Amino acid sequence: KALQTVLGAWEEERSLRYVLEPATAAINNCEGPCGFPLAEANNHAILLHSHEQSGQPLGRSPCCVPLRYADLQVVELKGAGTEITIKPNMVATRCGCR
Amino acid sequence: KALQTVLGAWEEERSLRYVLEPATAAINNCEGPCGFPLAEANNHAILLHSHEQSGQPLGRSPCCVPLRYADLQVVELKGAGTEITIKPNMVATRCGCR
Amino acid sequence: QKRRCAYLASPSNALHLKEAGNVSGAEQLCGHTPCCMGYFKLGYGPPIPDLLGCNVVQMECPESSCFSSHHMENFTSCVCNTDFCNANLTWLA
Amino acid sequence: QKRRCAYLASPSNALHLKEAGNVSGAEQLCGHTPCCMGYFKLGYGPPIPDLLGCNVVQMECPESSCFSSHHMENFTSCVCNTDFCNANLTWLA
């Protein structure tokens, strides 16, 4: 459930390969188990958890994932020059159980 | 990544304990690994995947979770009588990697 | 041939029930469901109707008449698949 | 004492750069960053400015002058922390 700092680098990433700056940034990750009481869970996550707790098999347990993201402003190569662009959903800012 | 049928029951669930009908419904679950190419992934999930692929340790791998839900209309006990209510985010309808 | 059900609803429930079919007095003509629903309060006399109409929750109606043997805080319910079957509930104690 | 940077931007970049500080001709007064940024194209002569202004991407500026030894398809960049330091880039081949 905790938001952990993770440094991302994207030179290998096809959709981000023309980014000049920044070369890296903290993108973060959500980690940790989804135990009771479920953090930031919705009805569905609560029901999945109940299902498991009652002893029934579940193909996937609730997972702690990012619920909210921040965009990242970058400068990338575009056509004949450099362009300031906003890349969406780059940095995890809030975690919850789904 | 596949949307799997899962039957939910909520008599044990505190927030749903006054629901008269339905007693159960298919709530579904998202299952499966998040391998390449990532299904329905956003920039952040792609970067987490890249991070792992490059050999760096990651506290949590991308997870296949519900991205969209349907609400469920129920009849529940409220005060002195029965009331038709909409319970939000009860049924998973779409999966993706986060 | 569309299902016809007994109809009884509080103002707030009436809003939700509207989409299930046209209401005419104490009767509702179901737009798309073959099921009538009935919610009743148990007491000393016969079960008292609390909410009646075309079924609006996700469930099948295999029975032709309205009966129940389960309750929650003295409220019970049924779904059934014949015209006006929800007008009365038979309580199987 | 706010940072002052050399300023040069295409119309679309100017929109994004606006929020970084007031522009006055070929000069920008930074609202909140101590860093100037410069993006240059390498060629036969001195590096040609492509985008200059107050820094708008998430990064520190530990250097007082503008230099670089890396490029991507002949475009290079720097950030630096003194007034107008981004007016020229020194290319370290």
# chains A, B, ... in the order shown; residues from 1 in each chain; ligands from 1

$ calpha_fit_and_write --fixed "chain B" --moving "chain A" --output "short mmCIF file (atom, residue, chain, number, x, y, z; two decimals) with N, CA and C atoms, in the first residue's frame"
data_model
loop_
_atom_site.label_atom_id
_atom_site.label_comp_id
_atom_site.auth_asym_id
_atom_site.auth_seq_id
_atom_site.Cartn_x
_atom_site.Cartn_y
_atom_site.Cartn_z
N LYS A 1 -5.00 -11.14 -17.74
CA LYS A 1 -5.67 -10.08 -18.53
C LYS A 1 -7.09 -10.43 -18.83
N ALA A 2 -7.39 -11.68 -18.70
CA ALA A 2 -8.75 -12.08 -19.05
C ALA A 2 -9.71 -11.75 -17.91
N LEU A 3 -10.89 -11.31 -18.31
CA LEU A 3 -11.98 -11.04 -17.38
C LEU A 3 -12.61 -12.39 -17.05
N GLN A 4 -12.55 -12.78 -15.81
CA GLN A 4 -13.08 -14.07 -15.39
C GLN A 4 -14.36 -13.89 -14.59
N THR A 5 -15.29 -14.82 -14.76
CA THR A 5 -16.54 -14.76 -13.99
C THR A 5 -16.29 -15.22 -12.57
N VAL A 6 -16.68 -14.40 -11.63
CA VAL A 6 -16.58 -14.77 -10.21
C VAL A 6 -17.90 -14.39 -9.57
N LEU A 7 -18.47 -15.33 -8.84
CA LEU A 7 -19.74 -15.05 -8.17
C LEU A 7 -19.48 -14.43 -6.82
N GLY A 8 -20.08 -13.30 -6.60
CA GLY A 8 -19.90 -12.63 -5.31
C GLY A 8 -21.12 -12.81 -4.43
N ALA A 9 -20.88 -12.89 -3.15
CA ALA A 9 -21.99 -12.94 -2.19
C ALA A 9 -21.62 -11.98 -1.07
N TRP A 10 -22.61 -11.26 -0.54
CA TRP A 10 -22.24 -10.18 0.37
C TRP A 10 -22.93 -10.18 1.72
N GLU A 11 -23.45 -11.31 2.12
CA GLU A 11 -24.11 -11.29 3.42
C GLU A 11 -23.11 -11.00 4.54
N GLU A 12 -21.84 -11.36 4.32
CA GLU A 12 -20.82 -11.12 5.35
C GLU A 12 -20.28 -9.71 5.30
N GLU A 13 -20.62 -9.00 4.25
CA GLU A 13 -19.99 -7.71 4.01
C GLU A 13 -20.75 -6.58 4.68
N ARG A 14 -20.09 -5.94 5.59
CA ARG A 14 -20.74 -4.92 6.42
C ARG A 14 -21.52 -3.88 5.63
N SER A 15 -20.91 -3.33 4.61
CA SER A 15 -21.57 -2.24 3.89
C SER A 15 -22.72 -2.76 3.02
N LEU A 16 -22.82 -4.08 2.85
CA LEU A 16 -23.85 -4.62 1.97
C LEU A 16 -24.79 -5.55 2.72
N ARG A 17 -24.77 -5.51 4.05
CA ARG A 17 -25.51 -6.52 4.81
C ARG A 17 -27.01 -6.32 4.84
N TYR A 18 -27.49 -5.19 4.39
CA TYR A 18 -28.94 -4.99 4.35
C TYR A 18 -29.51 -5.18 2.95
N VAL A 19 -28.71 -5.74 2.06
CA VAL A 19 -29.21 -6.01 0.72
C VAL A 19 -30.10 -7.25 0.75
N LEU A 20 -31.35 -7.06 0.33
CA LEU A 20 -32.30 -8.17 0.28
C LEU A 20 -32.11 -8.97 -1.01
N GLU A 21 -32.07 -8.25 -2.12
CA GLU A 21 -31.87 -8.90 -3.43
C GLU A 21 -31.01 -8.00 -4.30
N PRO A 22 -30.16 -8.54 -5.19
CA PRO A 22 -29.91 -9.97 -5.30
C PRO A 22 -28.97 -10.44 -4.17
N ALA A 23 -29.03 -11.72 -3.84
CA ALA A 23 -28.15 -12.25 -2.79
C ALA A 23 -26.76 -12.51 -3.35
N THR A 24 -26.71 -12.80 -4.63
CA THR A 24 -25.42 -13.02 -5.30
C THR A 24 -25.49 -12.44 -6.70
N ALA A 25 -24.32 -12.21 -7.28
CA ALA A 25 -24.24 -11.76 -8.68
C ALA A 25 -22.84 -12.02 -9.17
N ALA A 26 -22.66 -12.08 -10.47
CA ALA A 26 -21.32 -12.24 -11.04
C ALA A 26 -20.60 -10.91 -10.89
N ILE A 27 -19.52 -10.90 -10.11
CA ILE A 27 -18.76 -9.66 -9.92
C ILE A 27 -17.50 -9.63 -10.77
N ASN A 28 -17.04 -10.81 -11.16
CA ASN A 28 -15.89 -10.95 -12.05
C ASN A 28 -14.56 -10.56 -11.42
N ASN A 29 -13.50 -11.00 -12.06
CA ASN A 29 -12.16 -10.68 -11.61
C ASN A 29 -11.25 -10.61 -12.82
N CYS A 30 -10.16 -9.88 -12.70
CA CYS A 30 -9.16 -9.84 -13.76
C CYS A 30 -8.04 -10.77 -13.32
N GLU A 31 -7.60 -11.60 -14.23
CA GLU A 31 -6.54 -12.54 -13.89
C GLU A 31 -5.51 -12.58 -14.98
N GLY A 32 -4.39 -13.19 -14.67
CA GLY A 32 -3.38 -13.39 -15.69
C GLY A 32 -2.20 -12.46 -15.50
N PRO A 33 -1.09 -12.85 -16.10
CA PRO A 33 0.14 -12.08 -15.95
C PRO A 33 0.14 -10.85 -16.84
N CYS A 34 1.02 -9.91 -16.52
CA CYS A 34 1.18 -8.73 -17.37
C CYS A 34 2.48 -8.85 -18.15
N GLY A 35 2.44 -9.66 -19.16
CA GLY A 35 3.63 -9.82 -20.00
C GLY A 35 3.55 -8.90 -21.19
N PHE A 36 4.60 -8.92 -21.97
CA PHE A 36 4.66 -8.06 -23.17
C PHE A 36 3.91 -8.72 -24.31
N PRO A 37 3.13 -8.05 -25.14
CA PRO A 37 2.84 -6.62 -24.98
C PRO A 37 1.78 -6.40 -23.90
N LEU A 38 1.99 -5.46 -23.06
CA LEU A 38 1.08 -5.21 -21.94
C LEU A 38 -0.31 -4.83 -22.45
N ALA A 39 -1.33 -5.52 -21.90
CA ALA A 39 -2.69 -5.22 -22.32
C ALA A 39 -3.18 -3.96 -21.63
N GLU A 40 -3.71 -3.04 -22.41
CA GLU A 40 -4.37 -1.86 -21.82
C GLU A 40 -3.49 -1.20 -20.77
N ALA A 41 -2.19 -1.05 -21.05
CA ALA A 41 -1.30 -0.46 -20.07
C ALA A 41 -1.15 1.03 -20.33
N ASN A 42 -0.83 1.79 -19.29
CA ASN A 42 -0.54 3.21 -19.48
C ASN A 42 0.98 3.40 -19.41
N ASN A 43 1.45 4.64 -19.56
CA ASN A 43 2.89 4.90 -19.57
C ASN A 43 3.58 4.33 -18.33
N HIS A 44 2.97 4.55 -17.18
CA HIS A 44 3.61 4.11 -15.93
C HIS A 44 3.79 2.60 -15.88
N ALA A 45 2.76 1.85 -16.27
CA ALA A 45 2.85 0.38 -16.26
C ALA A 45 3.93 -0.08 -17.24
N ILE A 46 4.00 0.57 -18.39
CA ILE A 46 5.02 0.24 -19.39
C ILE A 46 6.41 0.48 -18.83
N LEU A 47 6.58 1.59 -18.10
CA LEU A 47 7.89 1.90 -17.53
C LEU A 47 8.28 0.93 -16.41
N LEU A 48 7.31 0.51 -15.61
CA LEU A 48 7.59 -0.49 -14.57
C LEU A 48 8.06 -1.79 -15.23
N HIS A 49 7.38 -2.18 -16.27
CA HIS A 49 7.72 -3.40 -17.01
C HIS A 49 9.14 -3.30 -17.58
N SER A 50 9.45 -2.16 -18.19
CA SER A 50 10.80 -1.90 -18.72
C SER A 50 11.86 -2.03 -17.64
N HIS A 51 11.55 -1.45 -16.50
CA HIS A 51 12.46 -1.43 -15.35
C HIS A 51 12.85 -2.87 -14.99
N GLU A 52 11.84 -3.73 -14.93
CA GLU A 52 12.07 -5.14 -14.62
C GLU A 52 12.84 -5.84 -15.72
N GLN A 53 12.44 -5.60 -16.95
CA GLN A 53 13.06 -6.26 -18.10
C GLN A 53 14.54 -5.92 -18.18
N SER A 54 14.91 -4.72 -17.70
CA SER A 54 16.31 -4.31 -17.76
C SER A 54 17.12 -4.92 -16.62
N GLY A 55 16.47 -5.77 -15.81
CA GLY A 55 17.19 -6.49 -14.76
C GLY A 55 17.18 -5.82 -13.40
N GLN A 56 16.57 -4.64 -13.32
CA GLN A 56 16.54 -3.96 -12.02
C GLN A 56 15.42 -4.53 -11.16
N PRO A 57 15.64 -4.58 -9.84
CA PRO A 57 14.61 -5.15 -8.98
C PRO A 57 13.42 -4.20 -8.84
N LEU A 58 12.23 -4.79 -8.77
CA LEU A 58 11.02 -3.99 -8.62
C LEU A 58 10.20 -4.58 -7.48
N GLY A 59 9.79 -3.72 -6.56
CA GLY A 59 9.04 -4.20 -5.40
C GLY A 59 7.70 -4.82 -5.75
N ARG A 60 7.14 -4.43 -6.87
CA ARG A 60 5.86 -4.98 -7.32
C ARG A 60 5.82 -4.94 -8.84
N SER A 61 5.54 -6.08 -9.45
CA SER A 61 5.38 -6.13 -10.91
C SER A 61 4.03 -5.59 -11.30
N PRO A 62 3.91 -5.12 -12.54
CA PRO A 62 2.58 -4.70 -12.99
C PRO A 62 1.55 -5.81 -12.76
N CYS A 63 0.35 -5.41 -12.43
CA CYS A 63 -0.70 -6.31 -11.99
C CYS A 63 -1.91 -6.12 -12.91
N CYS A 64 -2.59 -7.21 -13.25
CA CYS A 64 -3.78 -7.11 -14.10
C CYS A 64 -4.99 -6.84 -13.21
N VAL A 65 -5.52 -5.66 -13.29
CA VAL A 65 -6.60 -5.23 -12.39
C VAL A 65 -7.79 -4.68 -13.17
N PRO A 66 -8.95 -4.59 -12.52
CA PRO A 66 -10.10 -3.97 -13.20
C PRO A 66 -9.84 -2.49 -13.45
N LEU A 67 -10.19 -2.05 -14.64
CA LEU A 67 -10.06 -0.63 -14.98
C LEU A 67 -11.42 0.04 -15.03
N ARG A 68 -12.43 -0.79 -15.24
CA ARG A 68 -13.77 -0.24 -15.34
C ARG A 68 -14.74 -1.17 -14.60
N TYR A 69 -15.77 -0.56 -14.04
CA TYR A 69 -16.75 -1.32 -13.27
C TYR A 69 -18.17 -0.97 -13.68
N ALA A 70 -19.08 -1.89 -13.39
CA ALA A 70 -20.50 -1.58 -13.52
C ALA A 70 -21.08 -1.50 -12.12
N ASP A 71 -22.07 -0.64 -11.95
CA ASP A 71 -22.78 -0.57 -10.67
C ASP A 71 -23.81 -1.69 -10.63
N LEU A 72 -24.32 -1.97 -9.43
CA LEU A 72 -25.36 -2.99 -9.30
C LEU A 72 -26.56 -2.40 -8.60
N GLN A 73 -27.71 -2.57 -9.22
CA GLN A 73 -28.95 -2.08 -8.61
C GLN A 73 -29.43 -3.17 -7.65
N VAL A 74 -29.73 -2.78 -6.41
CA VAL A 74 -30.16 -3.74 -5.41
C VAL A 74 -31.38 -3.21 -4.69
N VAL A 75 -32.03 -4.10 -3.93
CA VAL A 75 -33.08 -3.66 -3.03
C VAL A 75 -32.57 -3.93 -1.63
N GLU A 76 -32.51 -2.89 -0.82
CA GLU A 76 -32.01 -3.10 0.53
C GLU A 76 -32.98 -2.53 1.56
N LEU A 77 -32.77 -2.99 2.77
CA LEU A 77 -33.56 -2.53 3.91
C LEU A 77 -33.02 -1.18 4.33
N LYS A 78 -33.94 -0.23 4.45
CA LYS A 78 -33.49 1.09 4.91
C LYS A 78 -34.59 1.69 5.76
N GLY A 79 -34.27 1.95 6.99
CA GLY A 79 -35.26 2.52 7.90
C GLY A 79 -36.41 1.56 8.06
N ALA A 80 -37.61 2.02 7.75
CA ALA A 80 -38.80 1.20 7.98
C ALA A 80 -39.25 0.41 6.76
N GLY A 81 -38.48 0.50 5.66
CA GLY A 81 -38.95 -0.21 4.47
C GLY A 81 -37.84 -0.61 3.53
N THR A 82 -38.24 -1.00 2.31
CA THR A 82 -37.26 -1.44 1.31
C THR A 82 -36.99 -0.30 0.34
N GLU A 83 -35.74 -0.25 -0.11
CA GLU A 83 -35.34 0.84 -1.00
C GLU A 83 -34.48 0.31 -2.13
N ILE A 84 -34.80 0.76 -3.35
CA ILE A 84 -33.97 0.43 -4.51
C ILE A 84 -32.76 1.36 -4.47
N THR A 85 -31.57 0.77 -4.49
CA THR A 85 -30.33 1.55 -4.38
C THR A 85 -29.35 1.09 -5.46
N ILE A 86 -28.45 1.97 -5.82
CA ILE A 86 -27.37 1.61 -6.74
C ILE A 86 -26.08 1.49 -5.94
N LYS A 87 -25.48 0.30 -5.98
CA LYS A 87 -24.19 0.12 -5.31
C LYS A 87 -23.10 0.30 -6.36
N PRO A 88 -22.18 1.23 -6.17
CA PRO A 88 -21.18 1.51 -7.20
C PRO A 88 -20.04 0.49 -7.24
N ASN A 89 -19.43 0.36 -8.41
CA ASN A 89 -18.20 -0.44 -8.55
C ASN A 89 -18.33 -1.85 -8.00
N MET A 90 -19.35 -2.55 -8.41
CA MET A 90 -19.59 -3.90 -7.91
C MET A 90 -19.07 -4.97 -8.87
N VAL A 91 -19.13 -4.69 -10.17
CA VAL A 91 -18.81 -5.70 -11.18
C VAL A 91 -17.67 -5.21 -12.07
N ALA A 92 -16.59 -6.00 -12.14
CA ALA A 92 -15.47 -5.63 -13.01
C ALA A 92 -15.88 -5.88 -14.46
N THR A 93 -15.66 -4.90 -15.33
CA THR A 93 -16.06 -5.06 -16.72
C THR A 93 -14.91 -4.93 -17.72
N ARG A 94 -13.77 -4.47 -17.24
CA ARG A 94 -12.64 -4.28 -18.16
C ARG A 94 -11.35 -4.38 -17.38
N CYS A 95 -10.36 -5.06 -17.97
CA CYS A 95 -9.10 -5.30 -17.28
C CYS A 95 -7.94 -4.60 -17.96
N GLY A 96 -6.88 -4.36 -17.19
CA GLY A 96 -5.68 -3.79 -17.78
C GLY A 96 -4.52 -3.89 -16.82
N CYS A 97 -3.33 -3.58 -17.29
CA CYS A 97 -2.13 -3.70 -16.47
C CYS A 97 -1.78 -2.39 -15.79
N ARG A 98 -1.59 -2.46 -14.46
CA ARG A 98 -1.20 -1.27 -13.70
C ARG A 98 -0.09 -1.62 -12.69
#

$ residues_around --residues "range 10-17 of chain D" --least-positions-apart "4" --cutoff "8 Å" --atoms "only C-alpha atoms" --output "PyMOL selection string"
(chain A and resi 83-84) or (chain D and resi 21+51+53-54+56)

$ write_last_selection --atoms "all heavy atoms" --output "PDB file, in the first residue's frame"
ATOM      1  N   GLU A  83      10.511  20.221 -28.651  1.00  0.00           N
ATOM      2  CA  GLU A  83       9.154  20.589 -28.267  1.00  0.00           C
ATOM      3  C   GLU A  83       8.880  20.210 -26.826  1.00  0.00           C
ATOM      4  O   GLU A  83       9.163  19.084 -26.406  1.00  0.00           O
ATOM      5  CB  GLU A  83       8.178  19.870 -29.191  1.00  0.00           C
ATOM      6  CG  GLU A  83       6.801  20.488 -29.195  1.00  0.00           C
ATOM      7  CD  GLU A  83       5.987  20.009 -30.382  1.00  0.00           C
ATOM      8  OE1 GLU A  83       6.353  20.335 -31.530  1.00  0.00           O
ATOM      9  OE2 GLU A  83       4.995  19.294 -30.145  1.00  0.00           O
ATOM     10  N   ILE A  84       8.290  21.148 -26.086  1.00  0.00           N
ATOM     11  CA  ILE A  84       7.854  20.863 -24.717  1.00  0.00           C
ATOM     12  C   ILE A  84       6.540  20.094 -24.813  1.00  0.00           C
ATOM     13  O   ILE A  84       5.590  20.552 -25.440  1.00  0.00           O
ATOM     14  CB  ILE A  84       7.647  22.165 -23.919  1.00  0.00           C
ATOM     15  CG1 ILE A  84       8.947  22.969 -23.846  1.00  0.00           C
ATOM     16  CG2 ILE A  84       7.144  21.849 -22.511  1.00  0.00           C
ATOM     17  CD1 ILE A  84       8.763  24.370 -23.280  1.00  0.00           C
TER      18      ILE A  84
ATOM     19  N   GLY D  21       7.713  32.021 -16.164  1.00  0.00           N
ATOM     20  CA  GLY D  21       8.091  33.393 -15.786  1.00  0.00           C
ATOM     21  C   GLY D  21       7.790  34.400 -16.876  1.00  0.00           C
ATOM     22  O   GLY D  21       7.498  34.037 -18.017  1.00  0.00           O
ATOM     23  N   LEU D  51      15.646  26.217 -28.307  1.00  0.00           N
ATOM     24  CA  LEU D  51      14.681  26.511 -27.245  1.00  0.00           C
ATOM     25  C   LEU D  51      15.464  26.991 -26.035  1.00  0.00           C
ATOM     26  O   LEU D  51      16.350  26.275 -25.539  1.00  0.00           O
ATOM     27  CB  LEU D  51      13.887  25.238 -26.894  1.00  0.00           C
ATOM     28  CG  LEU D  51      13.025  25.236 -25.632  1.00  0.00           C
ATOM     29  CD1 LEU D  51      11.897  26.255 -25.728  1.00  0.00           C
ATOM     30  CD2 LEU D  51      12.430  23.841 -25.387  1.00  0.00           C
ATOM     31  N   GLY D  53      15.160  29.260 -22.192  1.00  0.00           N
ATOM     32  CA  GLY D  53      14.256  29.895 -21.228  1.00  0.00           C
ATOM     33  C   GLY D  53      14.506  29.400 -19.826  1.00  0.00           C
ATOM     34  O   GLY D  53      15.508  28.729 -19.553  1.00  0.00           O
ATOM     35  N   CYS D  54      13.565  29.720 -18.925  1.00  0.00           N
ATOM     36  CA  CYS D  54      13.629  29.199 -17.559  1.00  0.00           C
ATOM     37  C   CYS D  54      13.319  27.696 -17.638  1.00  0.00           C
ATOM     38  O   CYS D  54      12.464  27.272 -18.423  1.00  0.00           O
ATOM     39  CB  CYS D  54      12.594  29.886 -16.673  1.00  0.00           C
ATOM     40  SG  CYS D  54      12.844  31.678 -16.572  1.00  0.00           S
ATOM     41  N   VAL D  56      11.847  24.178 -17.385  1.00  0.00           N
ATOM     42  CA  VAL D  56      10.483  23.714 -17.139  1.00  0.00           C
ATOM     43  C   VAL D  56      10.376  22.207 -16.939  1.00  0.00           C
ATOM     44  O   VAL D  56       9.281  21.681 -16.808  1.00  0.00           O
ATOM     45  CB  VAL D  56       9.527  24.115 -18.289  1.00  0.00           C
ATOM     46  CG1 VAL D  56       9.323  25.609 -18.309  1.00  0.00           C
ATOM     47  CG2 VAL D  56       9.997  23.591 -19.632  1.00  0.00           C
TER      48      VAL D  56
END

$ select_by_dssp --residues "chain C" --states "helix (DSSP H, G or I)" --output "list in words"
Pro11, Ser12, Asn13, Ala14, Leu15, His16, Leu17, Lys18, Cys85, Asn86 and Ala87 of chain C

$ write_last_selection --atoms "C-alpha atoms" --output "compact mmCIF listing (two decimals), in the first residue's frame"
# COMPACT_ATOMS: atom_id res chain seq x y z
CA PRO C 11 -41.81 8.31 -4.26
CA SER C 12 -38.06 7.55 -4.27
CA ASN C 13 -38.57 3.95 -5.36
CA ALA C 14 -41.03 5.08 -8.01
CA LEU C 15 -38.18 6.99 -9.70
CA HIS C 16 -36.10 3.83 -9.98
CA LEU C 17 -39.06 1.68 -10.99
CA LYS C 18 -40.15 3.99 -13.79
CA CYS C 85 -48.24 -12.91 -9.13
CA ASN C 86 -46.56 -10.39 -6.81
CA ALA C 87 -49.83 -9.04 -5.39

$ residues_around --residues "range 67-70 of chain C" --least-positions-apart "3" --cutoff "8 Å" --atoms "only C-alpha atoms" --output "list of chain:residue names"
C:Thr76, C:Ser77, C:Cys78, C:Leu89, C:Thr90, C:Trp91, C:Leu92, C:Ala93

$ atom_distance --atom1 "CA of Ala26 in chain C" --atom2 "CA of Tyr7 in chain C"
4.7 Å

$ select_by_dssp --residues "chain D" --states "strand (DSSP E)" --output "PyMOL selection string"
chain D and resi 4-6+21-24+27-30+36-41+48-54+67-68+75-80+90-91

$ atom_distance --atom1 "CA of Gln58 in chain D" --atom2 "CA of Leu42 in chain D"
23.9 Å

$ atom_distance --atom1 "CA of Asp83 in chain C" --atom2 "CA of Phe40 in chain C"
17.9 Å
